[in-house]
>>> print(open('target-v6.cif').read())   # mmCIF, C-alpha atoms, pLDDT in the B column; chains and numbers go by the auth columns
data_upload
#
loop_
_atom_site.group_PDB
_atom_site.id
_atom_site.type_symbol
_atom_site.label_atom_id
_atom_site.label_comp_id
_atom_site.label_asym_id
_atom_site.label_seq_id
_atom_site.Cartn_x
_atom_site.Cartn_y
_atom_site.Cartn_z
_atom_site.B_iso_or_equiv
_atom_site.auth_seq_id
_atom_site.auth_asym_id
ATOM 1 C CA MET A 1 148.081 -207.094 34.963 63.00 1 T
ATOM 2 C CA ASN A 2 145.585 -209.594 33.488 66.00 2 T
ATOM 3 C CA ALA A 3 146.635 -212.137 36.108 65.00 3 T
ATOM 4 C CA TYR A 4 145.910 -209.710 38.944 64.00 4 T
ATOM 5 C CA LEU A 5 142.532 -208.733 37.445 73.00 5 T
ATOM 6 C CA PHE A 6 141.633 -212.416 37.117 65.00 6 T
ATOM 7 C CA VAL A 7 142.485 -212.987 40.786 68.00 7 T
ATOM 8 C CA SER A 8 140.287 -210.043 41.803 69.00 8 T
ATOM 9 C CA LYS A 9 137.445 -211.448 39.707 67.00 9 T
ATOM 10 C CA ILE A 10 137.747 -214.853 41.396 69.00 10 T
ATOM 11 C CA ARG A 11 137.658 -213.220 44.841 66.00 11 T
ATOM 12 C CA ILE A 12 134.484 -211.329 43.929 67.00 12 T
ATOM 13 C CA GLN A 13 132.811 -214.546 42.724 60.00 13 T
ATOM 14 C CA THR A 14 133.886 -216.375 45.883 66.00 14 T
ATOM 15 C CA ALA A 15 132.555 -213.631 48.142 62.00 15 T
ATOM 16 C CA LEU A 16 129.202 -213.658 46.341 60.00 16 T
ATOM 17 C CA ALA A 17 128.784 -217.350 47.150 59.00 17 T
ATOM 18 C CA TYR A 18 128.581 -216.857 50.937 62.00 18 T
ATOM 19 C CA ARG A 19 125.207 -215.171 51.349 64.00 19 T
ATOM 20 C CA PHE A 20 124.592 -216.108 54.992 65.00 20 T
ATOM 21 C CA ASN A 21 127.897 -214.555 56.021 70.00 21 T
ATOM 22 C CA VAL A 22 126.945 -211.358 54.191 71.00 22 T
ATOM 23 C CA ILE A 23 123.485 -211.149 55.755 78.00 23 T
ATOM 24 C CA SER A 24 124.761 -211.799 59.285 78.00 24 T
ATOM 25 C CA THR A 25 127.531 -209.233 58.846 78.00 25 T
ATOM 26 C CA ILE A 26 125.066 -206.580 57.664 81.00 26 T
ATOM 27 C CA LEU A 27 122.780 -207.216 60.655 86.00 27 T
ATOM 28 C CA ILE A 28 125.665 -206.954 63.117 85.00 28 T
ATOM 29 C CA GLN A 29 126.997 -203.797 61.474 84.00 29 T
ATOM 30 C CA CYS A 30 123.534 -202.216 61.545 86.00 30 T
ATOM 31 C CA LEU A 31 123.362 -202.870 65.288 88.00 31 T
ATOM 32 C CA ILE A 32 126.805 -201.313 65.759 84.00 32 T
ATOM 33 C CA MET A 33 125.789 -198.298 63.670 86.00 33 T
ATOM 34 C CA TYR A 34 122.609 -197.796 65.681 86.00 34 T
ATOM 35 C CA ALA A 35 124.383 -198.261 69.042 86.00 35 T
ATOM 36 C CA MET A 36 127.093 -195.740 68.145 84.00 36 T
ATOM 37 C CA SER A 37 124.500 -193.227 66.972 83.00 37 T
ATOM 38 C CA CYS A 38 122.626 -193.604 70.267 83.00 38 T
ATOM 39 C CA PHE A 39 125.911 -193.121 72.108 83.00 39 T
ATOM 40 C CA TRP A 40 126.640 -189.838 70.318 82.00 40 T
ATOM 41 C CA ALA A 41 123.067 -188.640 70.833 80.00 41 T
ATOM 42 C CA ALA A 42 123.481 -189.239 74.575 82.00 42 T
ATOM 43 C CA ALA A 43 126.999 -187.741 74.638 80.00 43 T
ATOM 44 C CA TYR A 44 125.828 -184.494 73.048 80.00 44 T
ATOM 45 C CA SER A 45 122.879 -184.250 75.473 78.00 45 T
ATOM 46 C CA GLY A 46 121.180 -181.548 73.440 72.00 46 T
ATOM 47 C CA ALA A 47 124.379 -179.559 72.844 76.00 47 T
ATOM 48 C CA GLU A 48 124.509 -178.001 69.399 75.00 48 T
ATOM 49 C CA THR A 49 128.223 -178.633 68.809 80.00 49 T
ATOM 50 C CA VAL A 50 131.126 -180.288 70.614 75.00 50 T
ATOM 51 C CA SER A 51 134.701 -179.474 69.566 72.00 51 T
ATOM 52 C CA GLY A 52 133.234 -177.644 66.582 77.00 52 T
ATOM 53 C CA VAL A 53 131.358 -180.734 65.331 82.00 53 T
ATOM 54 C CA SER A 54 127.572 -180.941 65.294 86.00 54 T
ATOM 55 C CA GLN A 55 125.630 -183.998 66.377 86.00 55 T
ATOM 56 C CA ARG A 56 124.399 -184.454 62.818 87.00 56 T
ATOM 57 C CA ASP A 57 127.979 -184.514 61.537 89.00 57 T
ATOM 58 C CA MET A 58 128.897 -187.130 64.145 89.00 58 T
ATOM 59 C CA ILE A 59 125.982 -189.339 63.038 90.00 59 T
ATOM 60 C CA THR A 60 127.247 -189.021 59.459 91.00 60 T
ATOM 61 C CA TYR A 61 130.798 -189.731 60.673 92.00 61 T
ATOM 62 C CA THR A 62 129.624 -192.910 62.419 91.00 62 T
ATOM 63 C CA THR A 63 127.587 -194.143 59.452 92.00 63 T
ATOM 64 C CA ILE A 64 130.413 -193.697 56.947 93.00 64 T
ATOM 65 C CA SER A 65 132.951 -195.132 59.421 92.00 65 T
ATOM 66 C CA VAL A 66 130.955 -198.371 59.748 91.00 66 T
ATOM 67 C CA ILE A 67 130.727 -198.607 55.961 91.00 67 T
ATOM 68 C CA MET A 68 134.465 -197.988 55.602 93.00 68 T
ATOM 69 C CA GLY A 69 135.194 -200.684 58.167 90.00 69 T
ATOM 70 C CA ASN A 70 133.614 -203.272 55.870 88.00 70 T
ATOM 71 C CA LEU A 71 135.729 -202.095 52.943 91.00 71 T
ATOM 72 C CA LEU A 72 139.005 -201.953 54.859 90.00 72 T
ATOM 73 C CA THR A 73 139.064 -205.595 55.964 86.00 73 T
ATOM 74 C CA MET A 74 142.422 -207.061 54.906 87.00 74 T
ATOM 75 C CA GLY A 75 143.335 -210.716 54.478 85.00 75 T
ATOM 76 C CA VAL A 76 146.961 -210.253 53.474 87.00 76 T
ATOM 77 C CA GLN A 77 148.390 -210.794 56.962 86.00 77 T
ATOM 78 C CA ASP A 78 146.590 -214.130 57.357 84.00 78 T
ATOM 79 C CA ARG A 79 147.627 -215.264 53.872 85.00 79 T
ATOM 80 C CA ILE A 80 151.283 -214.505 54.557 83.00 80 T
ATOM 81 C CA ALA A 81 151.148 -216.238 57.944 82.00 81 T
ATOM 82 C CA ARG A 82 149.426 -219.279 56.423 83.00 82 T
ATOM 83 C CA SER A 83 151.996 -219.619 53.639 81.00 83 T
ATOM 84 C CA VAL A 84 154.823 -219.435 56.185 78.00 84 T
ATOM 85 C CA ARG A 85 153.148 -221.943 58.484 78.00 85 T
ATOM 86 C CA THR A 86 152.471 -224.467 55.714 78.00 86 T
ATOM 87 C CA GLY A 87 155.886 -223.975 54.117 72.00 87 T
ATOM 88 C CA SER A 88 154.482 -222.937 50.736 75.00 88 T
ATOM 89 C CA VAL A 89 156.056 -219.493 50.926 73.00 89 T
ATOM 90 C CA ALA A 90 159.239 -220.524 49.045 68.00 90 T
ATOM 91 C CA LEU A 91 157.231 -221.840 46.091 73.00 91 T
ATOM 92 C CA ASP A 92 155.032 -218.734 46.161 69.00 92 T
ATOM 93 C CA LEU A 93 158.080 -216.508 45.839 70.00 93 T
ATOM 94 C CA LEU A 94 159.272 -218.487 42.810 71.00 94 T
ATOM 95 C CA LYS A 95 156.054 -217.961 40.874 72.00 95 T
ATOM 96 C CA PRO A 96 156.227 -215.773 37.730 72.00 96 T
ATOM 97 C CA VAL A 97 153.990 -213.142 39.365 76.00 97 T
ATOM 98 C CA ASN A 98 154.602 -211.002 42.423 79.00 98 T
ATOM 99 C CA ILE A 99 152.928 -212.905 45.253 82.00 99 T
ATOM 100 C CA TYR A 100 152.254 -209.703 47.190 85.00 100 T
ATOM 101 C CA GLY A 101 150.615 -208.248 44.096 85.00 101 T
ATOM 102 C CA ILE A 102 148.355 -211.306 44.095 84.00 102 T
ATOM 103 C CA TYR A 103 147.521 -210.721 47.758 88.00 103 T
ATOM 104 C CA LEU A 104 146.673 -207.085 46.975 89.00 104 T
ATOM 105 C CA ALA A 105 144.508 -208.144 44.030 88.00 105 T
ATOM 106 C CA GLU A 106 142.641 -210.592 46.280 87.00 106 T
ATOM 107 C CA ASP A 107 141.971 -207.914 48.885 90.00 107 T
ATOM 108 C CA LEU A 108 140.821 -205.477 46.203 90.00 108 T
ATOM 109 C CA GLY A 109 138.448 -208.142 44.929 88.00 109 T
ATOM 110 C CA ASP A 110 137.105 -208.635 48.451 87.00 110 T
ATOM 111 C CA CYS A 111 136.702 -204.854 48.753 90.00 111 T
ATOM 112 C CA ALA A 112 134.761 -204.653 45.485 88.00 112 T
ATOM 113 C CA ALA A 113 132.451 -207.463 46.591 85.00 113 T
ATOM 114 C CA ALA A 114 131.985 -205.871 50.039 86.00 114 T
ATOM 115 C CA PHE A 115 131.000 -202.592 48.397 88.00 115 T
ATOM 116 C CA PHE A 116 127.951 -204.118 46.735 85.00 116 T
ATOM 117 C CA GLN A 117 127.186 -206.752 49.372 83.00 117 T
ATOM 118 C CA LYS A 118 127.686 -204.696 52.538 84.00 118 T
ATOM 119 C CA ALA A 119 128.461 -201.017 51.925 89.00 119 T
ATOM 120 C CA VAL A 120 125.435 -200.254 49.738 88.00 120 T
ATOM 121 C CA PRO A 121 122.918 -202.023 52.049 87.00 121 T
ATOM 122 C CA LEU A 122 124.449 -200.316 55.107 89.00 122 T
ATOM 123 C CA LEU A 123 124.223 -196.942 53.365 90.00 123 T
ATOM 124 C CA LEU A 124 120.544 -197.563 52.623 91.00 124 T
ATOM 125 C CA VAL A 125 119.845 -198.641 56.223 88.00 125 T
ATOM 126 C CA GLY A 126 121.720 -195.623 57.579 88.00 126 T
ATOM 127 C CA THR A 127 119.733 -193.329 55.291 90.00 127 T
ATOM 128 C CA VAL A 128 116.443 -194.800 56.515 89.00 128 T
ATOM 129 C CA LEU A 129 117.437 -194.564 60.191 85.00 129 T
ATOM 130 C CA PHE A 130 119.288 -191.254 60.307 86.00 130 T
ATOM 131 C CA GLY A 131 118.750 -189.499 56.975 87.00 131 T
ATOM 132 C CA VAL A 132 121.106 -189.178 54.020 88.00 132 T
ATOM 133 C CA PRO A 133 124.757 -189.078 55.242 90.00 133 T
ATOM 134 C CA ALA A 134 125.614 -186.348 52.734 90.00 134 T
ATOM 135 C CA PRO A 135 129.170 -184.997 52.331 92.00 135 T
ATOM 136 C CA ALA A 136 129.967 -181.349 52.973 90.00 136 T
ATOM 137 C CA SER A 137 130.130 -180.691 49.206 93.00 137 T
ATOM 138 C CA PRO A 138 130.792 -182.523 45.913 94.00 138 T
ATOM 139 C CA LEU A 139 134.440 -181.427 46.135 95.00 139 T
ATOM 140 C CA HIS A 140 134.697 -182.856 49.640 95.00 140 T
ATOM 141 C CA LEU A 141 133.273 -186.131 48.312 95.00 141 T
ATOM 142 C CA LEU A 142 135.938 -186.331 45.590 96.00 142 T
ATOM 143 C CA LEU A 143 138.715 -185.556 48.074 96.00 143 T
ATOM 144 C CA PHE A 144 137.237 -188.125 50.460 96.00 144 T
ATOM 145 C CA LEU A 145 137.388 -190.825 47.769 96.00 145 T
ATOM 146 C CA LEU A 146 141.003 -189.953 46.976 96.00 146 T
ATOM 147 C CA SER A 147 141.965 -189.914 50.642 96.00 147 T
ATOM 148 C CA PHE A 148 140.121 -193.199 51.208 96.00 148 T
ATOM 149 C CA ALA A 149 142.088 -194.839 48.364 96.00 149 T
ATOM 150 C CA ILE A 150 145.406 -193.708 49.872 96.00 150 T
ATOM 151 C CA GLY A 151 144.227 -194.782 53.336 95.00 151 T
ATOM 152 C CA TYR A 152 143.314 -198.189 51.914 95.00 152 T
ATOM 153 C CA LEU A 153 146.897 -198.644 50.695 95.00 153 T
ATOM 154 C CA ILE A 154 148.288 -197.544 54.068 95.00 154 T
ATOM 155 C CA ASN A 155 146.031 -200.021 55.834 94.00 155 T
ATOM 156 C CA TRP A 156 147.035 -202.799 53.427 94.00 156 T
ATOM 157 C CA ILE A 157 150.750 -202.133 53.857 94.00 157 T
ATOM 158 C CA LEU A 158 150.415 -202.123 57.661 93.00 158 T
ATOM 159 C CA ALA A 159 148.598 -205.470 57.467 91.00 159 T
ATOM 160 C CA ALA A 160 151.295 -206.832 55.142 90.00 160 T
ATOM 161 C CA LEU A 161 154.032 -205.635 57.520 90.00 161 T
ATOM 162 C CA LEU A 162 152.300 -207.480 60.331 87.00 162 T
ATOM 163 C CA GLY A 163 152.140 -210.553 58.099 84.00 163 T
ATOM 164 C CA LEU A 164 155.914 -210.401 57.619 84.00 164 T
ATOM 165 C CA CYS A 165 156.291 -210.905 61.369 81.00 165 T
ATOM 166 C CA ALA A 166 155.185 -214.504 60.739 76.00 166 T
ATOM 167 C CA PHE A 167 158.598 -215.142 59.148 76.00 167 T
ATOM 168 C CA LYS A 168 160.043 -214.773 62.651 74.00 168 T
ATOM 169 C CA THR A 169 157.173 -215.872 64.896 72.00 169 T
ATOM 170 C CA LEU A 170 155.488 -218.490 62.605 63.00 170 T
ATOM 171 C CA THR A 171 152.100 -217.420 64.001 69.00 171 T
ATOM 172 C CA LEU A 172 150.684 -213.947 64.533 69.00 172 T
ATOM 173 C CA GLY A 173 148.442 -214.805 67.481 70.00 173 T
ATOM 174 C CA PRO A 174 148.232 -211.868 69.921 73.00 174 T
ATOM 175 C CA LEU A 175 149.992 -209.561 67.444 74.00 175 T
ATOM 176 C CA ALA A 176 146.956 -209.572 65.164 74.00 176 T
ATOM 177 C CA ASN A 177 144.621 -208.831 68.078 76.00 177 T
ATOM 178 C CA ALA A 178 146.861 -206.006 69.303 77.00 178 T
ATOM 179 C CA LYS A 179 147.028 -204.534 65.809 79.00 179 T
ATOM 180 C CA GLY A 180 143.240 -204.569 65.506 79.00 180 T
ATOM 181 C CA PHE A 181 142.826 -202.847 68.883 81.00 181 T
ATOM 182 C CA ILE A 182 145.442 -200.194 68.090 82.00 182 T
ATOM 183 C CA MET A 183 143.864 -199.509 64.710 83.00 183 T
ATOM 184 C CA LYS A 184 140.405 -199.006 66.202 82.00 184 T
ATOM 185 C CA LEU A 185 141.682 -196.730 68.962 82.00 185 T
ATOM 186 C CA LEU A 186 144.270 -194.611 67.152 86.00 186 T
ATOM 187 C CA SER A 187 142.760 -194.321 63.668 89.00 187 T
ATOM 188 C CA GLY A 188 139.631 -192.419 64.679 86.00 188 T
ATOM 189 C CA SER A 189 137.387 -195.276 63.597 87.00 189 T
ATOM 190 C CA ILE A 190 135.291 -195.139 66.769 84.00 190 T
ATOM 191 C CA PHE A 191 136.261 -191.897 68.531 84.00 191 T
ATOM 192 C CA PRO A 192 137.495 -188.971 66.411 87.00 192 T
ATOM 193 C CA LEU A 193 140.897 -187.704 67.473 86.00 193 T
ATOM 194 C CA TRP A 194 139.607 -184.162 67.952 85.00 194 T
ATOM 195 C CA PHE A 195 137.964 -185.363 71.193 83.00 195 T
ATOM 196 C CA PHE A 196 141.369 -186.375 72.622 84.00 196 T
ATOM 197 C CA PRO A 197 143.526 -184.010 74.737 83.00 197 T
ATOM 198 C CA ALA A 198 145.502 -181.563 72.573 84.00 198 T
ATOM 199 C CA GLY A 199 148.975 -182.963 73.356 85.00 199 T
ATOM 200 C CA PHE A 200 147.959 -186.582 72.831 85.00 200 T
ATOM 201 C CA ARG A 201 146.070 -185.641 69.665 86.00 201 T
ATOM 202 C CA ARG A 202 149.140 -184.012 68.115 87.00 202 T
ATOM 203 C CA VAL A 203 151.142 -187.185 68.697 88.00 203 T
ATOM 204 C CA LEU A 204 148.438 -189.359 67.130 87.00 204 T
ATOM 205 C CA GLU A 205 148.082 -187.054 64.135 85.00 205 T
ATOM 206 C CA ALA A 206 151.786 -187.512 63.389 86.00 206 T
ATOM 207 C CA LEU A 207 151.322 -191.299 63.141 89.00 207 T
ATOM 208 C CA PRO A 208 150.037 -193.109 60.027 91.00 208 T
ATOM 209 C CA PHE A 209 146.928 -194.592 61.669 91.00 209 T
ATOM 210 C CA MET A 210 144.740 -191.483 61.513 91.00 210 T
ATOM 211 C CA ASN A 211 145.184 -191.390 57.742 93.00 211 T
ATOM 212 C CA ILE A 212 143.064 -194.539 57.395 93.00 212 T
ATOM 213 C CA TYR A 213 139.821 -193.365 59.006 93.00 213 T
ATOM 214 C CA GLN A 214 140.128 -189.954 60.627 92.00 214 T
ATOM 215 C CA LEU A 215 141.372 -187.973 57.634 94.00 215 T
ATOM 216 C CA PRO A 216 138.892 -189.289 55.018 95.00 216 T
ATOM 217 C CA LEU A 217 135.997 -188.964 57.458 95.00 217 T
ATOM 218 C CA GLY A 218 137.041 -185.480 58.556 94.00 218 T
ATOM 219 C CA ILE A 219 137.172 -184.438 54.906 95.00 219 T
ATOM 220 C CA TYR A 220 133.754 -185.972 54.239 95.00 220 T
ATOM 221 C CA ILE A 221 131.948 -183.968 56.927 93.00 221 T
ATOM 222 C CA GLY A 222 133.898 -180.764 56.207 91.00 222 T
ATOM 223 C CA GLN A 223 135.823 -180.685 59.465 90.00 223 T
ATOM 224 C CA TYR A 224 139.016 -179.439 57.791 91.00 224 T
ATOM 225 C CA ALA A 225 139.603 -176.256 55.805 91.00 225 T
ATOM 226 C CA MET A 226 140.792 -176.731 52.222 93.00 226 T
ATOM 227 C CA ASP A 227 144.407 -175.707 52.884 93.00 227 T
ATOM 228 C CA GLU A 228 144.523 -178.092 55.862 93.00 228 T
ATOM 229 C CA ILE A 229 143.094 -180.894 53.706 94.00 229 T
ATOM 230 C CA LEU A 230 145.863 -180.467 51.144 94.00 230 T
ATOM 231 C CA LEU A 231 148.538 -180.421 53.856 94.00 231 T
ATOM 232 C CA ARG A 232 147.148 -183.507 55.579 94.00 232 T
ATOM 233 C CA MET A 233 146.778 -185.394 52.307 94.00 233 T
ATOM 234 C CA ALA A 234 150.408 -184.580 51.463 95.00 234 T
ATOM 235 C CA LEU A 235 151.383 -186.144 54.809 94.00 235 T
ATOM 236 C CA GLN A 236 149.117 -189.084 53.987 95.00 236 T
ATOM 237 C CA LEU A 237 150.970 -189.629 50.702 96.00 237 T
ATOM 238 C CA PHE A 238 154.283 -189.410 52.551 95.00 238 T
ATOM 239 C CA TRP A 239 153.236 -192.146 54.978 95.00 239 T
ATOM 240 C CA CYS A 240 152.008 -194.324 52.118 95.00 240 T
ATOM 241 C CA ALA A 241 155.322 -193.991 50.282 96.00 241 T
ATOM 242 C CA ALA A 242 157.435 -194.438 53.440 96.00 242 T
ATOM 243 C CA LEU A 243 155.570 -197.561 54.530 95.00 243 T
ATOM 244 C CA TRP A 244 155.763 -199.007 51.024 95.00 244 T
ATOM 245 C CA VAL A 245 159.551 -198.538 50.964 95.00 245 T
ATOM 246 C CA LEU A 246 159.811 -200.161 54.405 94.00 246 T
ATOM 247 C CA PHE A 247 157.663 -203.085 53.271 92.00 247 T
ATOM 248 C CA HIS A 248 159.670 -203.521 50.063 91.00 248 T
ATOM 249 C CA VAL A 249 162.970 -203.592 51.968 92.00 249 T
ATOM 250 C CA LEU A 250 161.722 -206.056 54.596 88.00 250 T
ATOM 251 C CA GLN A 251 160.004 -208.447 52.203 86.00 251 T
ATOM 252 C CA THR A 252 163.111 -208.482 49.965 84.00 252 T
ATOM 253 C CA LYS A 253 165.276 -209.448 52.940 82.00 253 T
ATOM 254 C CA MET A 254 162.803 -212.128 54.043 77.00 254 T
ATOM 255 C CA ALA A 255 162.616 -213.572 50.524 71.00 255 T
ATOM 256 C CA ALA A 256 166.396 -213.678 50.202 71.00 256 T
ATOM 257 C CA ALA A 257 166.752 -215.472 53.532 64.00 257 T
ATOM 258 C CA ILE A 258 164.103 -218.051 52.630 64.00 258 T
ATOM 259 C CA LEU A 259 165.467 -218.825 49.180 50.00 259 T
ATOM 260 C CA ILE A 260 168.994 -219.175 50.557 44.00 260 T
ATOM 261 C CA GLN A 261 167.862 -221.487 53.385 43.00 261 T
ATOM 262 C CA GLY A 262 165.558 -223.477 51.120 43.00 262 T
ATOM 263 C CA GLY A 263 162.236 -222.560 52.812 45.00 263 T
#
>>> encode(input="target-v6.cif", output="structure tokens")
Amino acid sequence: MNAYLFVSKIRIQTALAYRFNVISTILIQCLIMYAMSCFWAAAYSGAETVSGVSQRDMITYTTISVIMGNLLTMGVQDRIARSVRTGSVALDLLKPVNIYGIYLAEDLGDCAAAFFQKAVPLLLVGTVLFGVPAPASPLHLLLFLLSFAIGYLINWILAALLGLCAFKTLTLGPLANAKGFIMKLLSGSIFPLWFFPAGFRRVLEALPFMNIYQLPLGIYIGQYAMDEILLRMALQLFWCAALWVLFHVLQTKMAAAILIQGG
């Protein structure tokens, strides 16, 4: 465990060194936040609620979604692809620590750095522009944090699964772009799923993607009743466990094939 904590610490220190990247990212994210808020203001056109959600709740949804986007940036898929491309993957697998645990520790370190460097400034800017993006209640805030943590793991595992494709393709290329587009569209990051047609929405809600953005955000603004929150979070835990088992099986097979073939 000390090794993983040390790796996270190094990632935090590295992230703190690139100030220009942080400042430019914050400026771009502020523009995105403002543009999306203007979009929802125009979409509501003075209507009090749409699909049971008020304009104020949608502004809060957008603000927190932009903040979450900076915390949910994963580097694991690129690290796996790079190790496969350079041929260092065989040596990585022979190290006395779990290499995927190291990748997770690095991403957690990046997340911790992004919280202070990006999330807090964006929260302050959003508060100045649109008012405090307050949760529905303290209980909803606690459930949001728990759901966000589970969603973070789901997002990480999906990124790691994509990284494993590099064992067959050597480079991710268009796969990474397609994954990013699918995540933005189907996770509720930009457009909440409750604005989709009922039949299409039910299909999307059965997939793991909505558990990354839609569920935590819906909990935050109080869109779901408490019994529905518990049911949806149980499904979220199921997807997290199922994807982890799938990842464990696939990475074990890939590791066995590499060690047998000699890299």
>>> residues_around(input="target-v6.cif", residues="Leu129 of chain T", least_positions_apart="4", cutoff="9 Å", atoms="all atoms listed in the file", output="PyMOL selection string")
chain T and resi 34+124-125
>>> closest_residue(input="target-v6.cif", among="T:Thr169, T:Asn98, T:Thr25, T:Ser37", to="Gln55 of chain T", atoms="only C-alpha atoms")
T:Ser37
>>> resolve_selection(input="target-v6.cif", expression="the PyMOL selection byres ((chain T and resi 158) around 10)", output="count of residues only")
23
>>> atom_distance(input="target-v6.cif", atom1="atom CA of Tyr103 of chain T", atom2="atom CA of Asp78 of chain T")
10.2 Å
>>> resolve_selection(input="target-v6.cif", expression="the PyMOL selection byres ((chain T and resi 151) around 12)", output="NGL selection string")
:T and (68-69 or 71-72 or 143-150 or 152-158 or 187 or 208-217 or 232-233 or 235-241 or 243)
>>> resolve_selection(input="target-v6.cif", expression="the PyMOL selection byres ((chain T and resi 139) around 12)", output="list in words")
Pro135, Ala136, Ser137, Pro138, His140, Leu141, Leu142, Leu143, Phe144, Leu145, Leu146, Ile219, Tyr220, Ile221, Gly222, Met226 and Ile229 of chain T
>>> atom_distance(input="target-v6.cif", atom1="atom CA of Ile59 of chain T", atom2="atom CA of Trp40 of chain T")
7.3 Å
>>> residues_around(input="target-v6.cif", residues="Cys38 of chain T", least_positions_apart="4", cutoff="12 Å", atoms="all atoms listed in the file", output="list in words")
Leu31, Ile32, Met33, Tyr34, Ala42, Ala43, Tyr44, Ser45, Gln55, Arg56, Met58, Ile59, Thr62, Thr63, Leu129 and Phe130 of chain T
>>> write_last_selection(input="target-v6.cif", atoms="C-alpha atoms", output="compact mmCIF listing (two decimals), in the coordinates of the input")
# COMPACT_ATOMS: atom_id res chain seq x y z
CA LEU T 31 123.36 -202.87 65.29
CA ILE T 32 126.80 -201.31 65.76
CA MET T 33 125.79 -198.30 63.67
CA TYR T 34 122.61 -197.80 65.68
CA ALA T 42 123.48 -189.24 74.58
CA ALA T 43 127.00 -187.74 74.64
CA TYR T 44 125.83 -184.49 73.05
CA SER T 45 122.88 -184.25 75.47
CA GLN T 55 125.63 -184.00 66.38
CA ARG T 56 124.40 -184.45 62.82
CA MET T 58 128.90 -187.13 64.14
CA ILE T 59 125.98 -189.34 63.04
CA THR T 62 129.62 -192.91 62.42
CA THR T 63 127.59 -194.14 59.45
CA LEU T 129 117.44 -194.56 60.19
CA PHE T 130 119.29 -191.25 60.31
>>> atom_distance(input="target-v6.cif", atom1="atom CA of Ile26 of chain T", atom2="atom CA of Ala119 of chain T")
8.7 Å
>>> closest_residue(input="target-v6.cif", among="T:Ile80, T:Val132, T:Leu230, T:Ile23", to="Ile99 of chain T", atoms="all atoms listed in the file")
T:Ile80
>>> closest_residue(input="target-v6.cif", among="T:Ile182, T:Ala47, T:Ala113, T:Val120", to="Leu204 of chain T", atoms="all atoms listed in the file")
T:Ile182
>>> closest_residue(input="target-v6.cif", among="T:Tyr100, T:Phe167, T:Phe191, T:Phe39", to="Thr86 of chain T", atoms="all atoms listed in the file")
T:Phe167
>>> decode(input="target-v6.cif", residues="segment 43-69 of chain T", atoms="C-alpha atoms", output="JSON list (two decimals), in the first residue's frame")
[["chain", "number", "residue", "atom", "x", "y", "z"],
["T", 43, "ALA", "CA", -33.79, 25.95, -24.04],
["T", 44, "TYR", "CA", -36.10, 26.61, -21.09],
["T", 45, "SER", "CA", -37.30, 29.90, -22.65],
["T", 46, "GLY", "CA", -38.93, 31.05, -19.43],
["T", 47, "ALA", "CA", -40.51, 27.67, -18.66],
["T", 48, "GLU", "CA", -40.53, 26.86, -14.96],
["T", 49, "THR", "CA", -39.72, 23.16, -15.35],
["T", 50, "VAL", "CA", -38.97, 20.71, -18.16],
["T", 51, "SER", "CA", -39.30, 16.96, -17.53],
["T", 52, "GLY", "CA", -39.74, 17.79, -13.85],
["T", 53, "VAL", "CA", -36.40, 19.64, -13.64],
["T", 54, "SER", "CA", -36.18, 23.38, -13.01],
["T", 55, "GLN", "CA", -33.82, 25.68, -14.87],
["T", 56, "ARG", "CA", -31.94, 26.33, -11.64],
["T", 57, "ASP", "CA", -31.38, 22.60, -11.16],
["T", 58, "MET", "CA", -30.07, 22.31, -14.72],
["T", 59, "ILE", "CA", -27.58, 25.15, -14.09],
["T", 60, "THR", "CA", -26.42, 23.29, -10.98],
["T", 61, "TYR", "CA", -26.28, 20.05, -12.99],
["T", 62, "THR", "CA", -24.09, 21.71, -15.63],
["T", 63, "THR", "CA", -21.74, 23.31, -13.10],
["T", 64, "ILE", "CA", -21.14, 20.08, -11.17],
["T", 65, "SER", "CA", -20.85, 18.09, -14.43],
["T", 66, "VAL", "CA", -18.02, 20.33, -15.67],
["T", 67, "ILE", "CA", -16.25, 19.95, -12.33],
["T", 68, "MET", "CA", -16.69, 16.17, -12.42],
["T", 69, "GLY", "CA", -15.28, 16.06, -15.94]]
